[in-house]
$ cat query-v8.txt   # compact mmCIF, C-alpha atoms
# COMPACT_ATOMS: atom_id res chain seq x y z
CA GLY L 1 -27.43 19.23 -54.99
CA GLY L 2 -26.84 15.85 -53.27
CA VAL L 3 -24.98 12.64 -54.07
CA TYR L 4 -27.02 10.49 -56.43
CA SER L 5 -26.94 6.80 -57.27
CA SER L 6 -29.33 4.75 -59.36
CA ALA L 7 -31.29 1.97 -57.65
CA GLY L 8 -28.89 -0.70 -56.44
CA GLY L 9 -25.88 1.51 -57.21
CA ILE L 10 -22.99 2.65 -55.09
CA ILE L 11 -22.57 6.15 -53.72
CA PRO L 12 -18.81 6.88 -54.01
CA LYS L 13 -18.53 8.77 -50.73
CA ILE L 14 -16.69 7.97 -47.49
CA TYR L 15 -19.37 7.35 -44.87
CA ALA L 16 -17.03 7.36 -41.86
CA GLU L 17 -13.36 6.87 -41.03
CA PHE L 18 -11.08 6.49 -38.01
CA ASP L 19 -7.33 6.43 -37.36
CA THR L 20 -5.27 3.41 -36.37
CA PRO L 21 -1.85 3.30 -34.67
CA GLY L 22 -0.20 1.75 -37.74
CA LYS L 23 -0.85 1.06 -41.39
CA VAL L 24 -3.77 -1.33 -41.92
CA GLU L 25 -2.56 -4.61 -43.49
CA ALA L 26 -5.81 -6.60 -43.12
CA ILE L 27 -9.43 -5.97 -42.24
CA TYR L 28 -12.28 -8.23 -41.15
CA SER L 29 -15.74 -7.18 -40.06
CA MET L 30 -18.61 -8.84 -38.31
CA GLY L 31 -21.72 -6.72 -37.75
CA ASN L 32 -20.58 -3.43 -36.22
CA THR L 33 -17.20 -4.87 -35.14
CA ILE L 34 -14.14 -4.08 -37.24
CA PHE L 35 -10.87 -6.02 -36.81
CA SER L 36 -7.85 -4.14 -38.18
CA GLY L 37 -4.57 -6.01 -38.70
CA LEU L 38 -1.75 -3.50 -38.30
CA SER L 39 1.81 -3.20 -39.56
CA ASP L 40 5.04 -2.49 -37.68
CA SER L 41 4.29 -4.68 -34.63
CA TYR L 42 1.10 -2.77 -33.70
CA GLY L 43 -0.89 -6.02 -33.63
CA CYS L 44 -4.65 -6.02 -34.06
CA MET L 45 -7.27 -3.44 -33.15
CA ILE L 46 -10.94 -4.19 -32.53
CA THR L 47 -13.25 -1.22 -33.08
CA ILE L 48 -16.94 -1.41 -32.26
CA LEU L 49 -19.06 1.11 -34.13
CA GLY L 50 -22.49 2.52 -33.32
CA THR L 51 -25.32 2.54 -35.86
CA ASP L 52 -24.24 6.06 -36.89
CA ALA L 53 -20.61 4.85 -37.37
CA SER L 54 -19.45 6.56 -34.16
CA ILE L 55 -16.77 4.67 -32.24
CA ILE L 56 -18.20 2.95 -29.17
CA SER L 57 -14.97 1.23 -28.08
CA THR L 58 -11.53 0.11 -29.23
CA HIS L 59 -9.19 -2.57 -27.96
CA GLN L 60 -5.66 -3.28 -29.18
CA PHE L 61 -4.03 -6.69 -28.69
CA ALA L 62 -1.34 -8.93 -30.26
CA ILE L 63 1.05 -6.01 -29.83
CA GLY L 64 4.51 -6.95 -31.07
CA TYR L 65 3.19 -8.71 -34.18
CA LYS L 66 2.54 -7.61 -37.76
CA ILE L 67 -0.92 -8.89 -38.75
CA LYS L 68 -1.48 -9.79 -42.41
CA GLY L 69 -4.76 -11.73 -42.20
CA ILE L 70 -7.75 -12.08 -39.86
CA HIS L 71 -10.64 -14.51 -39.69
CA GLN L 72 -12.91 -16.06 -37.07
CA ASP L 73 -15.45 -18.81 -36.74
CA ASN L 74 -17.59 -19.52 -33.68
CA GLY L 75 -15.38 -17.46 -31.38
CA LEU L 76 -12.06 -18.84 -32.65
CA LEU L 77 -10.13 -15.82 -33.91
CA ALA L 78 -7.04 -16.47 -36.03
CA LEU L 79 -4.42 -13.89 -37.04
CA ALA L 80 -1.81 -14.47 -39.74
CA SER L 81 1.26 -12.84 -38.22
CA TRP L 82 3.75 -12.92 -41.10
CA SER L 83 7.00 -14.52 -39.91
CA ASP L 84 5.45 -15.48 -36.56
CA GLY L 85 2.89 -17.96 -37.93
CA ILE L 86 -0.74 -18.03 -36.82
CA LEU L 87 -1.93 -16.54 -33.52
CA LEU L 88 -5.12 -18.00 -32.02
CA TYR L 89 -7.50 -16.18 -29.69
CA ASN L 90 -10.84 -16.86 -28.09
CA TRP L 91 -13.24 -14.00 -28.86
CA ASN L 92 -16.62 -13.88 -27.13
CA GLY L 93 -17.86 -10.63 -28.64
CA ASN L 94 -16.43 -8.52 -25.80
CA ASP L 95 -13.13 -9.98 -24.66
CA VAL L 96 -10.14 -11.51 -26.45
CA SER L 97 -7.94 -14.10 -24.75
CA PHE L 98 -4.82 -15.73 -26.16
CA ILE L 99 -5.04 -19.48 -26.85
CA GLY L 100 -1.77 -20.23 -28.59
CA LYS L 101 0.50 -19.91 -31.60
CA ILE L 102 0.92 -22.19 -34.61
CA GLU L 103 4.30 -22.21 -36.31
CA THR L 104 4.02 -22.26 -40.11
CA SER L 105 6.70 -23.50 -42.50
CA ALA L 106 6.96 -20.05 -44.16
CA LYS L 107 5.61 -16.50 -43.72
CA ALA L 108 1.84 -16.47 -43.12
CA TYR L 109 0.04 -14.06 -45.45
CA ASN L 110 -3.59 -14.91 -44.69
CA VAL L 111 -5.76 -17.27 -42.66
CA LYS L 112 -9.27 -18.76 -42.70
CA VAL L 113 -11.06 -20.69 -39.95
CA ALA L 114 -13.72 -23.35 -40.51
CA GLY L 115 -14.67 -25.08 -37.27
CA ASN L 116 -11.51 -26.78 -35.97
CA ILE L 117 -9.62 -26.39 -39.24
CA ILE L 118 -7.17 -23.55 -39.87
CA PHE L 119 -6.20 -22.76 -43.46
CA ALA L 120 -2.95 -20.77 -43.61
CA ALA L 121 -1.84 -19.08 -46.82
CA THR L 122 1.96 -19.03 -46.63
CA LYS L 123 4.87 -18.21 -48.87
CA ALA L 124 5.28 -21.99 -49.37
CA GLY L 125 1.60 -22.64 -50.22
CA ILE L 126 -1.49 -23.67 -48.26
CA GLU L 127 -1.16 -25.34 -44.86
CA ILE L 128 -4.21 -27.10 -43.40
CA ILE L 129 -4.05 -27.48 -39.63
CA GLN L 130 -6.58 -29.32 -37.47
CA ILE L 131 -6.81 -28.17 -33.85
CA ASP L 132 -8.75 -29.28 -30.80
CA TYR L 133 -10.96 -26.28 -30.00
CA THR L 134 -14.17 -26.10 -28.01
CA PRO L 135 -15.80 -22.66 -27.67

$ encode --input "query-v8.txt" --output "structure tokens"
Amino acid sequence: GGVYSSAGGIIPKIYAEFDTPGKVEAIYSMGNTIFSGLSDSYGCMITILGTDASIISTHQFAIGYKIKGIHQDNGLLALASWSDGILLYNWNGNDVSFIGKIETSAKAYNVKVAGNIIFAATKAGIEIIQIDYTP
């Protein structure tokens, strides 16, 4: 009478869900923290979930931007913001503070962070940007 999966299999059932102010364009998770990149200038939403998938807290930031990609490394949070380039934030696990904005040569579709290097996937190709960042 229940949902069954063989050992190591996947149970095709939604465990939990929650609403966002706009359509989700990108998602990134770290532990129980979910970063949702939103369409239509709704920015980014951080949702912290409990062990039972209940929502502990939410925080919306980067309002005014469409977010297409999200990544972070060692507290440096980067958002690919379409025609607005790459937005950089300091994230300490609780708070988000704006650091700056990197103009890209074309629309930014995605982003990856590795230490002080930002990899931006743009309409024109890959842009590799080195920044001076100390957490």

$ atom_distance --input "query-v8.txt" --atom1 "atom CA of Val113 of chain L" --atom2 "atom CA of Asn74 of chain L"
9.1 Å

$ residues_around --input "query-v8.txt" --residues "Ala16 of chain L" --least-positions-apart "5" --cutoff "12 Å" --atoms "all atoms listed in the file" --output "PDB file with C-alpha atoms, in the frame of the given file"
ATOM      1  CA  LEU L  49     -19.060   1.110 -34.130  1.00  0.00           C
ATOM      2  CA  GLY L  50     -22.490   2.520 -33.320  1.00  0.00           C
ATOM      3  CA  THR L  51     -25.320   2.540 -35.860  1.00  0.00           C
ATOM      4  CA  ASP L  52     -24.240   6.060 -36.890  1.00  0.00           C
ATOM      5  CA  ALA L  53     -20.610   4.850 -37.370  1.00  0.00           C
ATOM      6  CA  SER L  54     -19.450   6.560 -34.160  1.00  0.00           C
ATOM      7  CA  ILE L  55     -16.770   4.670 -32.240  1.00  0.00           C
TER       8      ILE L  55
END

$ atom_distance --input "query-v8.txt" --atom1 "atom CA of Gly85 of chain L" --atom2 "atom CA of Ala106 of chain L"
7.7 Å

$ residues_around --input "query-v8.txt" --residues "segment 94-105 of chain L" --least-positions-apart "5" --cutoff "10 Å" --atoms "all atoms listed in the file" --output "PDB file with C-alpha atoms, keeping the file's coordinate frame"
ATOM      1  CA  ILE L  46     -10.940  -4.190 -32.530  1.00  0.00           C
ATOM      2  CA  ILE L  48     -16.940  -1.410 -32.260  1.00  0.00           C
ATOM      3  CA  HIS L  59      -9.190  -2.570 -27.960  1.00  0.00           C
ATOM      4  CA  GLN L  60      -5.660  -3.280 -29.180  1.00  0.00           C
ATOM      5  CA  PHE L  61      -4.030  -6.690 -28.690  1.00  0.00           C
ATOM      6  CA  ALA L  62      -1.340  -8.930 -30.260  1.00  0.00           C
ATOM      7  CA  GLY L  75     -15.380 -17.460 -31.380  1.00  0.00           C
ATOM      8  CA  LEU L  76     -12.060 -18.840 -32.650  1.00  0.00           C
ATOM      9  CA  LEU L  77     -10.130 -15.820 -33.910  1.00  0.00           C
ATOM     10  CA  ALA L  78      -7.040 -16.470 -36.030  1.00  0.00           C
ATOM     11  CA  LEU L  79      -4.420 -13.890 -37.040  1.00  0.00           C
ATOM     12  CA  ALA L  80      -1.810 -14.470 -39.740  1.00  0.00           C
ATOM     13  CA  SER L  81       1.260 -12.840 -38.220  1.00  0.00           C
ATOM     14  CA  TRP L  82       3.750 -12.920 -41.100  1.00  0.00           C
ATOM     15  CA  SER L  83       7.000 -14.520 -39.910  1.00  0.00           C
ATOM     16  CA  ASP L  84       5.450 -15.480 -36.560  1.00  0.00           C
ATOM     17  CA  GLY L  85       2.890 -17.960 -37.930  1.00  0.00           C
ATOM     18  CA  ILE L  86      -0.740 -18.030 -36.820  1.00  0.00           C
ATOM     19  CA  LEU L  87      -1.930 -16.540 -33.520  1.00  0.00           C
ATOM     20  CA  LEU L  88      -5.120 -18.000 -32.020  1.00  0.00           C
ATOM     21  CA  TYR L  89      -7.500 -16.180 -29.690  1.00  0.00           C
ATOM     22  CA  ILE L 118      -7.170 -23.550 -39.870  1.00  0.00           C
ATOM     23  CA  ALA L 120      -2.950 -20.770 -43.610  1.00  0.00           C
ATOM     24  CA  ALA L 121      -1.840 -19.080 -46.820  1.00  0.00           C
ATOM     25  CA  THR L 122       1.960 -19.030 -46.630  1.00  0.00           C
ATOM     26  CA  LYS L 123       4.870 -18.210 -48.870  1.00  0.00           C
ATOM     27  CA  ALA L 124       5.280 -21.990 -49.370  1.00  0.00           C
ATOM     28  CA  GLY L 125       1.600 -22.640 -50.220  1.00  0.00           C
ATOM     29  CA  ILE L 126      -1.490 -23.670 -48.260  1.00  0.00           C
ATOM     30  CA  GLU L 127      -1.160 -25.340 -44.860  1.00  0.00           C
ATOM     31  CA  ILE L 129      -4.050 -27.480 -39.630  1.00  0.00           C
ATOM     32  CA  ILE L 131      -6.810 -28.170 -33.850  1.00  0.00           C
ATOM     33  CA  TYR L 133     -10.960 -26.280 -30.000  1.00  0.00           C
TER      34      TYR L 133
END

$ residues_around --input "query-v8.txt" --residues "Ser39 of chain L" --least-positions-apart "6" --cutoff "9 Å" --atoms "all atoms listed in the file" --output "ChimeraX atom specification"
/L:21-25,65-68

$ closest_residue --input "query-v8.txt" --among "L:Pro135, L:Gly69, L:Gly93, L:Gly115" --to "Ser36 of chain L" --atoms "all atoms listed in the file"
L:Gly69

$ closest_residue --input "query-v8.txt" --among "L:Ile10, L:Tyr15, L:His71, L:Ile63" --to "Ile34 of chain L" --atoms "all atoms listed in the file"
L:His71

$ atom_distance --input "query-v8.txt" --atom1 "atom CA of Asn90 of chain L" --atom2 "atom CA of Thr58 of chain L"
17.0 Å

$ axis_aligned_box --input "query-v8.txt" --around "segment 63-76 of chain L" --padding-each-side "4 Å" --output "JSON"
{"center_x": -6.5, "center_y": -12.8, "center_z": -36.1, "size_x": 30.1, "size_y": 21.5, "size_z": 20.6}

$ closest_residue --input "query-v8.txt" --among "L:Tyr42, L:Trp91, L:Tyr28, L:Phe18" --to "Val111 of chain L" --atoms "all atoms listed in the file"
L:Tyr28

$ closest_residue --input "query-v8.txt" --among "L:Ile11, L:Ser29, L:Asn116, L:Glu17" --to "Ile70 of chain L" --atoms "all atoms listed in the file"
L:Ser29
